[in-house]
$ cat work.cif   # mmCIF, C-alpha atoms and all ligand atoms
data_structure
#
loop_
_atom_site.label_atom_id
_atom_site.label_comp_id
_atom_site.auth_asym_id
_atom_site.auth_seq_id
_atom_site.Cartn_x
_atom_site.Cartn_y
_atom_site.Cartn_z
CA MET A 549 29.69 -151.44 -95.42
CA ASN A 550 33.45 -151.31 -94.88
CA GLY A 551 35.97 -150.26 -97.51
CA ILE A 552 36.96 -153.77 -98.51
CA SER A 553 33.47 -155.05 -99.15
CA ARG A 554 32.57 -151.79 -100.91
CA LEU A 555 35.47 -152.19 -103.34
CA ALA A 556 34.79 -155.91 -103.71
CA THR A 557 31.14 -155.28 -104.62
CA VAL A 558 32.08 -152.79 -107.28
CA ILE A 559 34.79 -154.96 -108.69
CA SER A 560 32.69 -158.13 -108.78
CA LEU A 561 30.72 -156.44 -111.55
CA ALA A 562 33.89 -156.76 -113.59
CA SER A 563 33.18 -160.42 -114.14
CA LEU A 564 30.17 -159.42 -116.26
CA PHE A 565 32.45 -157.91 -118.82
CA PRO A 566 35.04 -159.58 -121.04
CA LEU A 567 38.72 -158.88 -120.51
CA HIS A 568 40.25 -156.79 -123.25
CA ALA A 569 43.79 -157.84 -123.92
CA LEU A 570 46.25 -155.06 -124.62
CA ALA A 571 47.75 -155.23 -128.05
CA ALA A 572 51.17 -156.51 -127.09
CA ASP A 573 54.25 -156.49 -129.23
CA SER A 574 56.24 -159.69 -129.58
CA LYS A 575 58.23 -159.38 -126.34
CA GLY A 576 55.38 -158.02 -124.24
CA ALA A 577 53.96 -154.74 -123.01
CA VAL A 578 53.15 -153.25 -119.65
CA GLU A 579 50.70 -150.46 -119.06
CA VAL A 580 51.43 -148.54 -115.87
CA VAL A 581 48.76 -146.38 -114.24
CA HIS A 582 50.37 -143.76 -111.97
CA TRP A 583 50.04 -140.10 -111.02
CA TRP A 584 53.63 -138.96 -111.44
CA THR A 585 53.06 -136.02 -113.75
CA SER A 586 54.90 -133.00 -112.30
CA GLY A 587 58.29 -132.11 -113.83
CA GLY A 588 60.27 -133.81 -111.06
CA GLU A 589 57.96 -136.83 -110.82
CA LYS A 590 58.09 -137.37 -114.57
CA ALA A 591 61.89 -137.31 -114.51
CA ALA A 592 61.73 -140.07 -111.89
CA VAL A 593 59.24 -142.36 -113.63
CA ASP A 594 61.09 -141.90 -116.93
CA VAL A 595 63.99 -143.80 -115.32
CA LEU A 596 61.77 -146.86 -114.92
CA LYS A 597 60.31 -146.52 -118.38
CA ALA A 598 63.77 -146.29 -119.95
CA GLN A 599 64.98 -149.42 -118.18
CA VAL A 600 61.90 -151.49 -119.07
CA GLU A 601 62.25 -150.38 -122.70
CA LYS A 602 65.96 -151.15 -122.65
CA ASP A 603 65.01 -154.68 -121.60
CA GLY A 604 62.94 -154.91 -124.80
CA PHE A 605 59.41 -154.43 -123.45
CA THR A 606 56.84 -151.84 -124.48
CA TRP A 607 55.89 -149.26 -121.83
CA LYS A 608 52.36 -147.89 -122.09
CA ASP A 609 52.07 -144.80 -120.01
CA GLY A 610 48.85 -144.61 -118.02
CA ALA A 611 49.60 -141.30 -116.26
CA VAL A 612 46.57 -139.68 -114.64
CA ALA A 613 47.27 -136.13 -113.45
CA GLY A 614 46.34 -135.15 -109.89
CA GLY A 615 48.66 -135.02 -106.88
CA GLY A 616 47.96 -137.50 -104.10
CA GLY A 617 46.38 -139.88 -106.64
CA ALA A 618 42.63 -139.57 -105.97
CA THR A 619 41.83 -139.14 -109.67
CA ALA A 620 44.13 -142.01 -110.65
CA MET A 621 42.34 -144.27 -108.16
CA THR A 622 38.94 -143.34 -109.64
CA VAL A 623 40.20 -144.14 -113.13
CA LEU A 624 41.66 -147.43 -111.92
CA LYS A 625 38.39 -148.50 -110.31
CA SER A 626 36.35 -147.72 -113.40
CA ARG A 627 38.81 -149.63 -115.57
CA ALA A 628 38.63 -152.61 -113.23
CA VAL A 629 34.82 -152.50 -113.31
CA ALA A 630 34.97 -152.46 -117.13
CA GLY A 631 37.15 -155.58 -117.06
CA ASN A 632 40.13 -153.69 -118.42
CA PRO A 633 42.65 -153.13 -115.62
CA PRO A 634 46.23 -152.15 -116.57
CA GLY A 635 49.14 -154.57 -116.03
CA VAL A 636 50.54 -152.44 -113.21
CA ALA A 637 49.18 -149.59 -111.09
CA GLN A 638 50.45 -147.31 -108.34
CA ILE A 639 48.49 -148.46 -105.27
CA LYS A 640 49.55 -147.88 -101.68
CA GLY A 641 49.17 -149.03 -98.10
CA PRO A 642 46.01 -150.76 -96.86
CA ASP A 643 44.44 -150.15 -100.25
CA ILE A 644 46.66 -152.96 -101.59
CA GLN A 645 44.82 -155.37 -99.27
CA GLU A 646 41.47 -154.12 -100.55
CA TRP A 647 42.53 -154.71 -104.13
CA GLY A 648 43.99 -158.09 -103.13
CA SER A 649 40.63 -159.14 -101.73
CA THR A 650 38.93 -158.48 -105.07
CA GLY A 651 41.05 -161.25 -106.62
CA LEU A 652 42.22 -158.93 -109.39
CA LEU A 653 45.86 -158.68 -108.28
CA SER A 654 48.25 -161.43 -109.27
CA THR A 655 49.62 -163.54 -106.43
CA GLU A 656 51.69 -165.56 -108.90
CA ALA A 657 53.51 -163.10 -111.18
CA LEU A 658 56.00 -161.86 -108.57
CA LYS A 659 56.74 -165.19 -106.85
CA GLY A 660 59.82 -166.09 -108.88
CA VAL A 661 61.38 -162.64 -108.97
CA ALA A 662 60.79 -162.03 -105.24
CA LYS A 663 62.53 -165.29 -104.42
CA ALA A 664 65.39 -164.90 -106.87
CA GLU A 665 66.06 -161.31 -105.77
CA ASN A 666 65.59 -162.09 -102.04
CA TRP A 667 62.94 -159.42 -101.42
CA ASP A 668 62.21 -160.82 -97.95
CA GLY A 669 65.83 -160.16 -97.01
CA LEU A 670 65.97 -156.69 -98.58
CA LEU A 671 62.81 -155.19 -97.10
CA ALA A 672 61.82 -154.31 -93.56
CA PRO A 673 58.82 -156.43 -92.46
CA GLN A 674 56.58 -153.31 -92.18
CA VAL A 675 57.28 -152.70 -95.86
CA SER A 676 56.99 -156.27 -97.15
CA ASP A 677 53.76 -156.86 -95.17
CA THR A 678 52.19 -153.86 -96.89
CA VAL A 679 52.88 -155.19 -100.37
CA LYS A 680 51.91 -158.81 -99.71
CA TYR A 681 48.40 -160.19 -99.86
CA GLU A 682 47.88 -163.32 -97.77
CA GLY A 683 51.61 -163.98 -97.78
CA ASP A 684 52.28 -163.40 -101.50
CA TYR A 685 53.81 -160.31 -103.05
CA VAL A 686 51.22 -158.50 -105.15
CA ALA A 687 53.15 -155.22 -105.46
CA VAL A 688 56.72 -153.98 -105.58
CA PRO A 689 57.64 -151.09 -103.29
CA VAL A 690 59.73 -148.45 -105.08
CA ASN A 691 60.69 -145.87 -102.45
CA ILE A 692 60.01 -144.31 -99.06
CA HIS A 693 58.75 -140.75 -98.78
CA ARG A 694 58.71 -138.75 -95.54
CA VAL A 695 55.68 -136.51 -95.26
CA ASN A 696 56.44 -134.29 -92.22
CA TRP A 697 58.85 -131.88 -93.90
CA LEU A 698 58.98 -128.10 -94.03
CA TRP A 699 60.69 -126.66 -97.14
CA ILE A 700 62.36 -123.29 -96.76
CA ASN A 701 63.85 -120.76 -99.16
CA PRO A 702 66.75 -119.31 -97.11
CA GLN A 703 67.16 -116.26 -99.42
CA VAL A 704 63.55 -115.31 -98.73
CA PHE A 705 64.04 -115.88 -95.00
CA LYS A 706 67.07 -113.58 -95.12
CA LYS A 707 65.17 -110.84 -96.93
CA ALA A 708 62.44 -111.09 -94.29
CA GLY A 709 64.99 -110.87 -91.46
CA ILE A 710 64.63 -114.46 -90.24
CA ASP A 711 67.90 -116.07 -89.26
CA LYS A 712 66.96 -119.69 -88.61
CA ALA A 713 64.47 -122.41 -89.41
CA PRO A 714 61.61 -122.59 -86.90
CA THR A 715 61.71 -125.46 -84.41
CA THR A 716 58.50 -124.71 -82.49
CA LEU A 717 55.04 -123.61 -83.56
CA GLN A 718 55.68 -120.23 -81.90
CA GLU A 719 58.81 -119.74 -84.00
CA PHE A 720 56.87 -120.86 -87.08
CA TYR A 721 54.24 -118.17 -86.45
CA ALA A 722 56.94 -115.56 -85.79
CA ALA A 723 58.61 -116.45 -89.10
CA GLY A 724 55.22 -116.33 -90.85
CA ASP A 725 54.55 -112.84 -89.47
CA LYS A 726 57.92 -111.57 -90.70
CA LEU A 727 57.44 -113.09 -94.13
CA LYS A 728 54.01 -111.51 -94.47
CA ALA A 729 55.29 -108.14 -93.26
CA ALA A 730 58.05 -108.30 -95.90
CA GLY A 731 55.46 -108.91 -98.65
CA PHE A 732 55.99 -112.63 -99.23
CA ILE A 733 53.50 -115.48 -99.17
CA ALA A 734 54.48 -117.01 -95.83
CA LEU A 735 53.30 -120.55 -96.54
CA ALA A 736 52.84 -121.76 -100.12
CA HIS A 737 49.93 -124.16 -100.35
CA GLY A 738 47.47 -125.63 -102.80
CA GLY A 739 43.86 -125.79 -101.62
CA GLN A 740 43.14 -129.42 -102.51
CA PRO A 741 41.83 -131.90 -99.93
CA TRP A 742 44.91 -134.12 -99.89
CA GLN A 743 47.21 -131.10 -99.45
CA ASP A 744 45.01 -129.71 -96.67
CA SER A 745 45.20 -133.04 -94.87
CA THR A 746 48.96 -133.26 -95.40
CA VAL A 747 49.18 -130.05 -93.34
CA PHE A 748 46.58 -131.30 -90.86
CA GLU A 749 48.45 -134.51 -90.07
CA ASP A 750 51.69 -132.57 -89.47
CA VAL A 751 49.83 -130.37 -87.02
CA VAL A 752 48.26 -133.36 -85.25
CA LEU A 753 51.73 -134.88 -84.90
CA SER A 754 53.19 -131.62 -83.60
CA VAL A 755 50.42 -130.94 -81.08
CA MET A 756 49.52 -134.48 -79.99
CA GLY A 757 52.89 -136.22 -80.33
CA VAL A 758 53.50 -139.66 -81.81
CA GLU A 759 51.14 -141.42 -79.38
CA GLY A 760 48.31 -138.99 -80.04
CA TYR A 761 48.85 -139.17 -83.81
CA LYS A 762 48.73 -142.95 -83.71
CA LYS A 763 45.65 -143.11 -81.51
CA ALA A 764 43.78 -140.56 -83.61
CA LEU A 765 44.78 -141.20 -87.22
CA VAL A 766 45.97 -144.82 -87.20
CA ASP A 767 43.89 -146.52 -84.48
CA LEU A 768 40.95 -144.13 -85.10
CA ASP A 769 40.19 -143.99 -81.37
CA GLN A 770 36.92 -142.11 -80.93
CA ASN A 771 37.86 -140.40 -77.65
CA THR A 772 41.12 -139.14 -79.08
CA LEU A 773 39.49 -137.93 -82.29
CA ALA A 774 36.92 -135.95 -80.32
CA GLY A 775 39.27 -134.98 -77.46
CA ALA A 776 40.73 -131.72 -76.18
CA GLN A 777 44.11 -132.28 -77.87
CA MET A 778 42.40 -132.66 -81.24
CA THR A 779 40.55 -129.41 -80.61
CA GLN A 780 43.95 -127.85 -79.89
CA ALA A 781 45.27 -129.26 -83.18
CA PHE A 782 42.37 -127.63 -85.07
CA THR A 783 43.10 -124.36 -83.22
CA GLU A 784 46.71 -124.44 -84.47
CA LEU A 785 45.57 -125.50 -87.95
CA LYS A 786 43.43 -122.38 -88.09
CA LYS A 787 46.44 -120.19 -87.25
CA ILE A 788 48.57 -121.94 -89.86
CA THR A 789 45.89 -121.51 -92.52
CA ALA A 790 46.08 -117.76 -91.99
CA TYR A 791 49.67 -117.80 -93.32
CA MET A 792 48.62 -119.38 -96.62
CA ASP A 793 47.91 -117.51 -99.83
CA PRO A 794 44.14 -116.75 -99.85
CA ASN A 795 44.06 -117.57 -103.61
CA ARG A 796 45.18 -121.14 -103.02
CA ALA A 797 41.99 -122.96 -104.10
CA GLY A 798 42.68 -125.81 -106.50
CA ARG A 799 46.39 -125.03 -106.87
CA ASP A 800 48.60 -128.04 -107.57
CA TRP A 801 51.33 -128.87 -105.04
CA ASN A 802 54.12 -128.37 -107.59
CA ILE A 803 52.87 -124.85 -108.38
CA ALA A 804 53.02 -124.11 -104.65
CA ALA A 805 56.54 -125.59 -104.58
CA ALA A 806 57.48 -123.31 -107.49
CA ASP A 807 56.39 -120.30 -105.40
CA VAL A 808 59.03 -121.20 -102.82
CA ILE A 809 61.65 -122.11 -105.42
CA ASN A 810 61.13 -118.81 -107.29
CA GLY A 811 61.27 -116.70 -104.14
CA ARG A 812 57.62 -115.65 -103.95
CA ALA A 813 57.01 -117.65 -100.78
CA GLY A 814 59.10 -118.58 -97.76
CA MET A 815 57.92 -122.07 -96.81
CA GLN A 816 55.89 -125.11 -97.87
CA MET A 817 54.63 -128.02 -95.76
CA MET A 818 54.87 -131.02 -98.08
CA GLY A 819 56.30 -134.52 -98.34
CA ASP A 820 59.69 -134.93 -99.94
CA TRP A 821 58.34 -135.38 -103.46
CA ALA A 822 58.52 -131.55 -103.22
CA LYS A 823 62.28 -132.02 -103.41
CA SER A 824 61.84 -133.45 -106.90
CA GLU A 825 60.82 -129.97 -108.05
CA TRP A 826 63.89 -128.37 -106.45
CA THR A 827 66.08 -131.04 -108.08
CA ALA A 828 64.42 -130.49 -111.47
CA ALA A 829 65.15 -126.76 -111.04
CA LYS A 830 68.83 -127.66 -110.40
CA LYS A 831 68.79 -126.39 -106.81
CA ILE A 832 71.06 -127.87 -104.16
CA ALA A 833 69.82 -129.14 -100.78
CA GLY A 834 71.29 -127.29 -97.79
CA GLN A 835 72.45 -124.46 -100.03
CA ASP A 836 69.55 -123.21 -102.17
CA TYR A 837 66.91 -124.67 -99.91
CA GLN A 838 66.49 -126.19 -96.48
CA CYS A 839 64.49 -129.22 -95.44
CA VAL A 840 63.59 -129.50 -91.76
CA ALA A 841 61.05 -131.61 -89.92
CA PHE A 842 57.85 -129.63 -89.36
CA PRO A 843 58.28 -127.90 -85.95
CA GLY A 844 57.51 -130.28 -83.10
CA THR A 845 57.79 -133.42 -85.25
CA GLU A 846 61.57 -133.88 -85.23
CA LYS A 847 61.35 -137.24 -83.48
CA ALA A 848 58.78 -138.66 -85.87
CA PHE A 849 58.67 -139.84 -89.45
CA THR A 850 55.34 -140.10 -91.24
CA TYR A 851 56.03 -142.54 -94.04
CA ASN A 852 54.52 -142.97 -97.45
CA ILE A 853 55.71 -145.91 -99.53
CA ASP A 854 55.05 -145.80 -103.25
CA SER A 855 54.38 -149.21 -104.70
CA LEU A 856 53.38 -150.70 -108.01
CA ALA A 857 50.76 -153.44 -107.85
CA VAL A 858 50.55 -156.17 -110.45
CA PHE A 859 47.20 -157.18 -111.96
CA LYS A 860 46.29 -160.73 -112.91
CA LEU A 861 46.54 -161.29 -116.66
CA LYS A 862 45.25 -164.24 -118.66
CA ALA A 863 47.84 -167.02 -118.61
CA ASP A 864 48.32 -166.86 -122.40
CA ARG A 865 49.63 -163.28 -122.17
CA THR A 866 53.09 -164.60 -121.41
CA GLY A 867 54.94 -161.64 -122.93
CA ASP A 868 52.94 -159.12 -120.90
CA ILE A 869 53.47 -161.14 -117.72
CA ALA A 870 57.20 -161.17 -118.48
CA ALA A 871 57.01 -157.37 -118.83
CA GLN A 872 55.39 -157.10 -115.37
CA GLN A 873 58.15 -159.27 -113.93
CA ASP A 874 60.88 -157.26 -115.61
CA LEU A 875 59.47 -154.02 -114.23
CA ALA A 876 59.33 -155.51 -110.72
CA LYS A 877 62.89 -156.76 -110.93
CA VAL A 878 64.16 -153.39 -112.17
CA ALA A 879 62.21 -151.49 -109.51
CA LEU A 880 63.97 -153.13 -106.57
CA GLY A 881 67.40 -153.17 -108.22
CA LYS A 882 70.10 -151.02 -106.60
CA ASP A 883 70.74 -148.77 -109.60
CA PHE A 884 67.10 -147.93 -110.10
CA GLN A 885 66.50 -147.43 -106.37
CA LYS A 886 69.25 -144.84 -106.32
CA ILE A 887 68.45 -142.88 -109.47
CA PHE A 888 64.70 -142.98 -108.94
CA SER A 889 64.92 -141.65 -105.37
CA ILE A 890 67.43 -138.96 -106.31
CA ASN A 891 64.94 -137.70 -108.88
CA LYS A 892 61.85 -138.31 -106.75
CA GLY A 893 63.06 -136.79 -103.47
CA SER A 894 62.55 -140.04 -101.58
CA ILE A 895 64.90 -142.61 -100.06
CA PRO A 896 65.40 -146.22 -101.18
CA VAL A 897 63.28 -148.97 -99.72
CA ARG A 898 66.15 -151.45 -99.56
CA ASN A 899 67.64 -151.95 -96.09
CA ASP A 900 71.13 -152.41 -97.48
CA MET A 901 71.09 -148.90 -99.00
CA LEU A 902 69.61 -146.92 -96.10
CA ASN A 903 72.71 -147.22 -93.90
CA ASP A 904 75.02 -145.96 -96.55
CA MET A 905 73.41 -142.88 -98.07
CA ALA A 906 76.31 -140.40 -98.21
CA ALA A 907 78.60 -142.87 -99.94
CA GLN A 908 75.98 -143.42 -102.62
CA GLY A 909 75.74 -139.73 -103.46
CA PHE A 910 72.45 -138.85 -101.75
CA ASP A 911 72.08 -135.22 -100.63
CA SER A 912 71.77 -133.91 -97.07
CA CYS A 913 67.93 -134.09 -97.02
CA ALA A 914 67.96 -137.74 -98.08
CA GLN A 915 70.71 -138.53 -95.58
CA THR A 916 68.67 -137.00 -92.75
CA SER A 917 65.59 -138.82 -93.94
CA ALA A 918 67.30 -142.23 -93.94
CA LYS A 919 68.91 -141.61 -90.54
CA ASP A 920 65.57 -140.59 -89.03
CA PHE A 921 63.74 -143.48 -90.71
CA LEU A 922 66.08 -146.01 -89.12
CA ALA A 923 66.04 -144.29 -85.70
CA ASP A 924 62.27 -143.78 -85.67
CA ALA A 925 61.68 -147.41 -86.68
CA GLN A 926 63.36 -148.32 -83.37
CA SER A 927 61.71 -145.64 -81.21
CA GLY A 928 58.14 -146.00 -82.51
CA GLY A 929 58.29 -142.57 -84.16
CA LEU A 930 57.78 -144.19 -87.55
CA GLN A 931 54.07 -143.79 -88.35
CA PRO A 932 52.04 -144.29 -91.53
CA SER A 933 50.75 -141.16 -93.23
CA MET A 934 46.97 -140.82 -93.14
CA ALA A 935 46.89 -138.23 -95.92
CA HIS A 936 48.88 -140.52 -98.25
CA ASN A 937 46.77 -143.69 -97.97
CA MET A 938 49.12 -145.50 -95.61
CA ALA A 939 47.08 -145.55 -92.41
CA THR A 940 43.40 -146.12 -93.16
CA THR A 941 41.00 -147.20 -95.87
CA LEU A 942 40.16 -144.68 -98.58
CA ALA A 943 36.63 -144.40 -97.15
CA VAL A 944 37.90 -143.25 -93.73
CA GLN A 945 40.53 -141.06 -95.34
CA GLY A 946 37.84 -139.38 -97.46
CA ALA A 947 35.75 -138.66 -94.37
CA ILE A 948 38.75 -137.02 -92.66
CA PHE A 949 39.59 -135.01 -95.79
CA ASP A 950 36.07 -133.55 -95.90
CA VAL A 951 36.11 -132.37 -92.30
CA VAL A 952 39.59 -130.88 -92.59
CA THR A 953 39.02 -129.08 -95.90
CA ASN A 954 35.66 -127.66 -94.79
CA PHE A 955 37.32 -126.43 -91.61
CA MET A 956 40.18 -124.75 -93.45
CA ASN A 957 37.85 -123.02 -95.88
CA ASP A 958 35.52 -121.60 -93.24
CA LYS A 959 37.00 -118.63 -91.39
CA ASP A 960 34.37 -118.97 -88.67
CA ALA A 961 34.78 -122.71 -88.15
CA ASP A 962 34.94 -123.78 -84.52
CA PRO A 963 37.82 -126.13 -83.52
CA ALA A 964 35.76 -127.92 -80.85
CA LYS A 965 32.95 -128.60 -83.32
CA ALA A 966 35.50 -129.80 -85.90
CA SER A 967 36.93 -132.45 -83.56
CA ALA A 968 33.42 -133.71 -82.75
CA GLN A 969 32.61 -133.81 -86.47
CA LEU A 970 35.86 -135.64 -87.17
CA ALA A 971 35.00 -138.40 -84.69
CA SER A 972 31.51 -138.92 -86.07
CA ALA A 973 32.62 -138.75 -89.72
CA VAL A 974 35.26 -141.43 -89.07
CA LYS A 975 32.75 -143.64 -87.26
CA ALA A 976 30.28 -143.39 -90.13
CA ALA A 977 32.95 -144.32 -92.68
CA GLN A 978 34.21 -147.41 -90.82
C1 LIG B 1 52.75 -140.03 -103.73
C2 LIG B 1 53.97 -139.41 -104.35
C3 LIG B 1 53.56 -138.27 -105.22
C4 LIG B 1 52.69 -137.28 -104.45
C5 LIG B 1 52.21 -136.10 -105.25
C6 LIG B 1 51.93 -138.98 -103.03
O1 LIG B 1 50.77 -139.55 -102.49
O2 LIG B 1 53.12 -141.01 -102.82
O3 LIG B 1 54.67 -140.37 -105.08
O4 LIG B 1 54.70 -137.63 -105.72
O5 LIG B 1 51.55 -137.97 -103.95
O6 LIG B 1 51.52 -136.50 -106.36
#

$ encode --input "work.cif" --output "structure tokens"
Amino acid sequence: MNGISRLATVISLASLFPLHALAADSKGAVEVVHWWTSGGEKAAVDVLKAQVEKDGFTWKDGAVAGGGGATAMTVLKSRAVAGNPPGVAQIKGPDIQEWGSTGLLSTEALKGVAKAENWDGLLAPQVSDTVKYEGDYVAVPVNIHRVNWLWINPQVFKKAGIDKAPTTLQEFYAAGDKLKAAGFIALAHGGQPWQDSTVFEDVVLSVMGVEGYKKALVDLDQNTLAGAQMTQAFTELKKITAYMDPNRAGRDWNIAAADVINGRAGMQMMGDWAKSEWTAAKKIAGQDYQCVAFPGTEKAFTYNIDSLAVFKLKADRTGDIAAQQDLAKVALGKDFQKIFSINKGSIPVRNDMLNDMAAQGFDSCAQTSAKDFLADAQSGGLQPSMAHNMATTLAVQGAIFDVVTNFMNDKDADPAKASAQLASAVKAAQ
């Protein structure tokens, strides 16, 4: 059974249960399920909350802790099955289509605001297609994250005798050796499946290039998944794992980021939400920390677009529908797009802002990100992130996560066997 029919089967049970209306105040309320709970993430989502409240609506916070969002998605599914979905939820990529096919997302609520605010003109087609279901907007995109970043503490590099950011895997290993020799954690990391696969997809991109990444993790081509280049990627992944803290199991990504910020570790491989932690700690890009593309991925941009999907509410809940519409309007407004991304570490999703980042006060990391996003959209280097739900269904993603995490936790794991397992796990999940 594919992902869509699996989700549809589960959700169809929802019709057996009555809908519980949220107790709304007179103007309307919106409950938002999301997983933005780290210090930096919370600062970002608080910007949206404040604006919705300023507009007179009640914000009900449905935060579910857990980076990458797997726990939030489980909570969302069980609420949908119980006939009690929130007004709005953070849902991304192809998953939006799966939810759309259950009939639970609203194809009506965003029609007016999308037209009045000219969303079709503001968004690149790759972005608007992702958030539309059968031609209608069912979600509002809030930002663009780049996943293939390496975060560096230059003070730590200096203490370890490293004078520049690595640009090849060999230089990365050389830096890792020096960091270890100087007593630092070379690569801060949290041993959670989504973090493991964030590292894995960077390595696939570095070893196999954009074409190989696309064939393997987007097109799910069996020969590429099981091929010699994939075995090479697992070989490099094994080397990289050796630079991570052995006590990493279960550690949250923001705790790993704090290790780099506080000078206990030299580097972290993480998407640019990691920058939100540096910003929250009042650190300056290019001065207190460096952001560089993971070695070998300079000409690529693995994207991850956060979006907020809108659930269908009973027609008599006019105040709550108005709250959904207000949130959507705010989310694509210029002011919000700027302040949210500055706090979140991302870049705006609006075309008219991406060309003009320095003038709007974005830092050097965000400027590089926007420049690369626009260039890679032309060259084909712009690719959806597998680890962040942009490339495949959650079922396929889960199968990949299992193979990768088992591999990273088994010192004796064999790279050739891992690529064969990857191919068969993906096939079984399709
Ligand atoms: C989301 C980000 C979030 C990160 C860590 C990613 O999948 O897109 O918005 O900050 O997970 O929780």

$ closest_residue --input "work.cif" --among "A:Leu785, A:Ala591, A:Ala577, A:Met938" --to "Trp607 of chain A" --atoms "all atoms listed in the file"
A:Ala577

$ closest_residue --input "work.cif" --among "A:Gly615, A:Pro963, A:Gly724, A:Pro843" --to "ligand LIG 1 (chain B)" --atoms "all atoms listed in the file"
A:Gly615

$ closest_atom_pairs --input "work.cif" --of "chain A" --to "ligand LIG 1 (chain B)" --cutoff "6 Å" --atoms "all atoms listed in the file" --output "CSV"
residue,atom,partner,partner_atom,distance
A:Trp584,CA,B:LIG1,O4,6.0
A:Gly615,CA,B:LIG1,O6,3.3
A:Gly616,CA,B:LIG1,O5,3.6
A:Trp821,CA,B:LIG1,O4,4.8
A:Asn852,CA,B:LIG1,O2,5.9
A:Asp854,CA,B:LIG1,O2,5.2
A:His936,CA,B:LIG1,O1,4.7

$ closest_atom_pairs --input "work.cif" --of "segment 746-785 of chain A" --to "segment 926-934 of chain A" --cutoff "8 Å" --atoms "all atoms listed in the file" --output "tab-separated table"
residue	atom	partner	partner_atom	distance
A:Glu749	CA	A:Met934	CA	7.2
A:Val758	CA	A:Gly929	CA	6.1
A:Lys762	CA	A:Gln931	CA	7.1
A:Leu765	CA	A:Met934	CA	6.3
A:Val766	CA	A:Met934	CA	7.2

$ closest_residue --input "work.cif" --among "A:Leu970, A:Val600, A:Val755, A:Ala870" --to "Glu656 of chain A" --atoms "all atoms listed in the file"
A:Ala870

$ closest_atom_pairs --input "work.cif" --of "segment 717-801 of chain A" --to "segment 618-642 of chain A" --cutoff "12 Å" --atoms "only C-alpha atoms" --output "tab-separated table"
residue	atom	partner	partner_atom	distance
A:Gln740	CA	A:Ala618	CA	10.7
A:Pro741	CA	A:Ala618	CA	9.8
A:Trp742	CA	A:Ala618	CA	8.5
A:Gln743	CA	A:Ala618	CA	11.6
A:Val766	CA	A:Pro642	CA	11.3

$ closest_residue --input "work.cif" --among "A:Val974, A:Leu698, A:Ile890, A:Ala829" --to "Thr940 of chain A" --atoms "only C-alpha atoms"
A:Val974

$ atom_distance --input "work.cif" --atom1 "atom CA of Asp668 of chain A" --atom2 "atom CA of Glu759 of chain A"
29.0 Å

$ atom_distance --input "work.cif" --atom1 "atom CA of Thr941 of chain A" --atom2 "atom CA of Leu596 of chain A"
28.2 Å

$ closest_residue --input "work.cif" --among "A:Glu825, A:Glu682, A:Asp874, A:Asp960" --to "Gly660 of chain A" --atoms "all atoms listed in the file"
A:Asp874

$ closest_residue --input "work.cif" --among "A:Trp667, A:Tyr761, A:Trp826, A:Phe910" --to "Gln838 of chain A" --atoms "all atoms listed in the file"
A:Trp826

$ atom_distance --input "work.cif" --atom1 "atom CA of Leu671 of chain A" --atom2 "atom CA of Asn899 of chain A"
5.9 Å

$ residues_around --input "work.cif" --residues "Thr953 of chain A" --least-positions-apart "4" --cutoff "7 Å" --atoms "only C-alpha atoms" --output "list in words"
Pro741, Asp744, Phe949 and Asn957 of chain A

$ residues_around --input "work.cif" --residues "Thr678 of chain A" --least-positions-apart "5" --cutoff "10 Å" --atoms "only C-alpha atoms" --output "list in words"
Lys640, Gly641, Pro642, Asp643, Ile644, Gln645, Pro673, Tyr685, Val686, Ala687, Val688, Pro689, Ile853, Ser855 and Met938 of chain A

$ residues_around --input "work.cif" --residues "Asp836 of chain A" --least-positions-apart "5" --cutoff "12 Å" --atoms "only C-alpha atoms" --output "PyMOL selection string"
chain A and resi 699-705+808-811+823+826-827+829-831

$ residues_around --input "work.cif" --residues "Lys919 of chain A" --least-positions-apart "5" --cutoff "12 Å" --atoms "only C-alpha atoms" --output "ChimeraX atom specification"
/A:694,846-849,895,899,901-906,912-914,924-926,930
